[in-house]
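Visitor: I have a structure here, written as structure tokens, and I will follow up with some questions on it.
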Amino acid sequence: MNSAGKPVKLINAAVIVASLGYFVDIYDLLLFGIIRIKSLTSLGVTGDDIDRIGMYLINIQMVGMLIGGIIWGVLGDKRGRLSVLFGSILLYSVANIANGMIGGEHAIAWYMIWRFVAGLGLAGELGAGITLVSEILPKEKRGLGTMIVASVGISGAVVAYFVSEYFGDNWRICYYIGGSLGLALLILRVSVVESGMYNSIKQSGNVSRGNYFKFFTSKERFLRYLKCIMIGLPTWFVVGILMTFSNKFAKEMGVEGAIDPGKAIMICYAALTFGDFASGFISQMMRSRKKVLYIFYTLTLISVILYFNAYGISAAAFYTICGLMGFSVGFWAIFVTVAAEQFGTNLRATAATTVPNYARGLLPVISLLFTGLQSAGVSYLHSGFITGIVCIALAFVFAFSMQETFGKDLDYVEET
């Protein structure tokens, strides 16, 4: 029921706008990984510098998301969920268009600047959307709503790949399309209403909202927050390391035929979409978030082992493993739902927005472990495998100690 006592449909304006917003979000977030080689080559980057600068650009974007997550999260609790949806979509749409316009002597510097700005904008949409959907839908439909948002959103990566394939070397058009889609989406925002739970605490006037530092003033709250972040580690190891640099991993293992990282990302995310649907439905059936995480972490471990034992296989078989791996990290819907369910209404947007961005923002840390192992003399393949095992093991440990939140009543505030 909504605040007027009327039943709320599963497919409503909030779910549609949040889903499409996340679709454009993922389109832009993964687009660079797909057109990384094309864009950098056309800007005069050659040889090993393509991987080096590519990794730096990815990390710059993730740092932007880390900072943006805090900014948008606090604004989501102080100013409302809808204001963040509007502001974040507008910012990353403008950044997308600007990315397509870079050129000249300082092209790489501008590329870095606009990927950072894009990261700032991309940081807000998912958390605000998931928070809004979680608070509007009744608790028995909440998991299905966030499943739809995550599944529709993840398919943005697949569209990004086919758009890049259609336009070939004209990678700039891919950025223009992403920016245009975001600006068009702003028109739909007018049909979405603010969360009743949020309006209630806003009108009360005596509840502290969006105080980010409150996550660190209580040991119990901080540990809750940390656990929410760490359970997302495997996803960004798979996407940020194994898929983005799949061409080099495949070459090291003697895979027959050239591997296109853009295609690997597309296949991974296409399968991830099905994984999100599966994890959402299984969670509803098992009435548990944690059990689903255990299942998908196990699948991730199996697929990582298969990936690093792909010596001499065909390109088609390698892409199949990428698909299996994508399905196995399809617990993103559960991950973001848990982040929203762990905290009260006065800190929920801050938590739900910062948590996925900290998980994404941990990619530079994951990259440091990966490259640090190589600097210590460990081979490229073994460094990747060890890094993956560490990420999966940490996720298991933190998920095991988390509170089960399936069916939890979200109409409460955190004591601050």
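Chain labels run A, B, ... following the order of the structure tokens; each chain numbers its residues from 1, and ligands are numbered from 1 in the order shown.
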As a ChimeraX atom specification, please: every residue in region 255-384 of chain A that DSSP puts in helix (DSSP H, G or I).

Guide: /A:261-286,290-307,315-328,332-341,345-361,363-375,380-384

Visitor: Compile the contact shell of Trp114 (chain A) as a ChimeraX atom specification: residues with an atom at most 12 Å away, counting only C-alpha atoms, same-chain residues fewer than 3 positions apart removed.

Guide: /A:28,32,57-58,60-61,64,91-102,107-111,117-122,175

Visitor: Smallest atom-to-atom distance to Leu324 (chain A): which of A:Val238, A:Leu381, A:Ile187, A:Met253, using only C-alpha atoms?

Guide: A:Val238

Visitor: Measuring atom to atom with only C-alpha atoms, identify which of A:Leu242, A:Leu362, A:Leu306, A:Leu181 is nearest to Gly156 (chain A).

Guide: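 Once distances to Gly156 (chain A) are computed over only C-alpha atoms, the minimum belongs to A:Leu181.
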
Visitor: Using only C-alpha atoms, what table do you get, as CSV, when you list each residue of region 147-257 of chain A with an atom no more than 7 Å from region 264-287 of chain A, its nearest pair of atoms, and their distance in Å rounded to one decimal, rows by chain then rising number?

Guide:
residue,atom,partner,partner_atom,distance
A:Met147,CA,A:Gly280,CA,5.4
A:Ala150,CA,A:Asp276,CA,6.8
A:Ser151,CA,A:Thr273,CA,4.9
A:Ile154,CA,A:Thr273,CA,5.8
A:Ser155,CA,A:Thr273,CA,6.2
A:Ala157,CA,A:Met266,CA,6.0
A:Val158,CA,A:Met266,CA,4.8
A:Tyr161,CA,A:Met266,CA,5.8
A:Met243,CA,A:Ile265,CA,5.6
A:Thr244,CA,A:Ile265,CA,6.9

Visitor: Take the selection from the previous step and output its residues with N, CA, C and O atoms, as a PDB file, in the first residue's frame.

Guide:
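out_14.pdb, written as the output of this step:
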ATOM      1  N   MET A 147      15.114  -6.463  -8.525  1.00  0.00           N
ATOM      2  CA  MET A 147      15.583  -7.408  -9.536  1.00  0.00           C
ATOM      3  C   MET A 147      15.336  -6.853 -10.932  1.00  0.00           C
ATOM      4  O   MET A 147      16.198  -6.933 -11.820  1.00  0.00           O
ATOM      5  N   ALA A 150      17.813  -3.935 -11.637  1.00  0.00           N
ATOM      6  CA  ALA A 150      19.171  -4.410 -11.906  1.00  0.00           C
ATOM      7  C   ALA A 150      19.263  -5.138 -13.237  1.00  0.00           C
ATOM      8  O   ALA A 150      20.208  -4.933 -14.010  1.00  0.00           O
ATOM      9  N   SER A 151      18.268  -5.979 -13.542  1.00  0.00           N
ATOM     10  CA  SER A 151      18.315  -6.774 -14.768  1.00  0.00           C
ATOM     11  C   SER A 151      18.191  -5.907 -16.019  1.00  0.00           C
ATOM     12  O   SER A 151      18.939  -6.084 -16.983  1.00  0.00           O
ATOM     13  N   ILE A 154      21.479  -3.774 -16.316  1.00  0.00           N
ATOM     14  CA  ILE A 154      22.666  -4.503 -16.741  1.00  0.00           C
ATOM     15  C   ILE A 154      22.686  -4.703 -18.257  1.00  0.00           C
ATOM     16  O   ILE A 154      23.748  -4.720 -18.888  1.00  0.00           O
ATOM     17  N   SER A 155      21.519  -4.820 -18.876  1.00  0.00           N
ATOM     18  CA  SER A 155      21.455  -5.029 -20.327  1.00  0.00           C
ATOM     19  C   SER A 155      21.995  -3.833 -21.101  1.00  0.00           C
ATOM     20  O   SER A 155      22.250  -3.930 -22.299  1.00  0.00           O
ATOM     21  N   ALA A 157      24.916  -2.751 -20.994  1.00  0.00           N
ATOM     22  CA  ALA A 157      26.243  -3.133 -21.478  1.00  0.00           C
ATOM     23  C   ALA A 157      26.150  -3.860 -22.812  1.00  0.00           C
ATOM     24  O   ALA A 157      26.991  -3.676 -23.702  1.00  0.00           O
ATOM     25  N   VAL A 158      25.120  -4.690 -22.964  1.00  0.00           N
ATOM     26  CA  VAL A 158      24.925  -5.424 -24.220  1.00  0.00           C
ATOM     27  C   VAL A 158      24.623  -4.447 -25.348  1.00  0.00           C
ATOM     28  O   VAL A 158      25.176  -4.544 -26.449  1.00  0.00           O
ATOM     29  N   TYR A 161      27.685  -2.583 -26.509  1.00  0.00           N
ATOM     30  CA  TYR A 161      28.538  -3.371 -27.404  1.00  0.00           C
ATOM     31  C   TYR A 161      28.017  -3.338 -28.830  1.00  0.00           C
ATOM     32  O   TYR A 161      28.782  -3.088 -29.781  1.00  0.00           O
ATOM     33  N   MET A 243      37.427  -9.419 -17.532  1.00  0.00           N
ATOM     34  CA  MET A 243      36.776  -9.106 -18.806  1.00  0.00           C
ATOM     35  C   MET A 243      37.499  -7.979 -19.548  1.00  0.00           C
ATOM     36  O   MET A 243      37.744  -8.071 -20.752  1.00  0.00           O
ATOM     37  N   THR A 244      37.853  -6.914 -18.830  1.00  0.00           N
ATOM     38  CA  THR A 244      38.487  -5.767 -19.477  1.00  0.00           C
ATOM     39  C   THR A 244      39.820  -6.144 -20.117  1.00  0.00           C
ATOM     40  O   THR A 244      40.170  -5.647 -21.194  1.00  0.00           O
TER      41      THR A 244
END

Visitor: Pick the closest to Ala128 (chain A) from A:Ala349, A:Ile35, A:Leu66, A:Ile177: which is it, counting only C-alpha atoms?

Guide: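 Looking only at the distances to Ala128 (chain A), the closest residue turns out to be A:Ala349.
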
Visitor: From the set A:Ile130, A:Val338, A:Ile295, A:Ile389, which residue has the shortest atom-to-atom contact distance to Gly145 (chain A), counting only C-alpha atoms?

Guide: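 Of A:Ile130, A:Val338, A:Ile295, A:Ile389, the one nearest Gly145 (chain A) is A:Ile130, counting only C-alpha atoms.
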
Visitor: Find, counting only C-alpha atoms, the residue in A:Ala310, A:Met112, A:Lys290, A:Gly196 that gets nearest to Leu137 (chain A).

Guide: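 The shortest atom-to-atom distance to Leu137 (chain A) comes from A:Gly196.
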
Visitor: What's the 9 Å shell around Arg189 (chain A), counting only C-alpha atoms, without same-chain residues fewer than 6 positions away, as a list in words?

Guide: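 In the requested format, the answer is Ala13, Ala14, Val17, Leu82, Leu85 and Phe86 of chain A.
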
Visitor: Keeping N, CA and C atoms for every residue in the selection just given, could you write it to a file as a PDB file, in the first residue's frame?

Guide:
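What ended up in selection.pdb:
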ATOM      1  N   ALA A  13       5.828   3.730 -12.166  1.00  0.00           N
ATOM      2  CA  ALA A  13       6.697   4.762 -12.739  1.00  0.00           C
ATOM      3  C   ALA A  13       8.087   4.753 -12.112  1.00  0.00           C
ATOM      4  N   ALA A  14       8.156   4.556 -10.795  1.00  0.00           N
ATOM      5  CA  ALA A  14       9.453   4.555 -10.112  1.00  0.00           C
ATOM      6  C   ALA A  14      10.339   3.417 -10.601  1.00  0.00           C
ATOM      7  N   VAL A  17      11.454   4.187 -14.334  1.00  0.00           N
ATOM      8  CA  VAL A  17      12.480   5.232 -14.437  1.00  0.00           C
ATOM      9  C   VAL A  17      13.796   4.763 -13.828  1.00  0.00           C
ATOM     10  N   LEU A  82      14.435  11.749  -5.519  1.00  0.00           N
ATOM     11  CA  LEU A  82      14.183  12.234  -6.876  1.00  0.00           C
ATOM     12  C   LEU A  82      15.205  13.270  -7.319  1.00  0.00           C
ATOM     13  N   LEU A  85      18.180  11.401  -8.583  1.00  0.00           N
ATOM     14  CA  LEU A  85      17.920  10.804  -9.888  1.00  0.00           C
ATOM     15  C   LEU A  85      18.088  11.845 -10.993  1.00  0.00           C
ATOM     16  N   PHE A  86      17.527  13.019 -10.784  1.00  0.00           N
ATOM     17  CA  PHE A  86      17.594  14.094 -11.774  1.00  0.00           C
ATOM     18  C   PHE A  86      19.029  14.579 -11.962  1.00  0.00           C
TER      19      PHE A  86
END

Visitor: Provide the CA of Val84 (chain A) to CA of Met402 (chain A) distance in Å, to one decimal place.

Guide: 28.0 Å
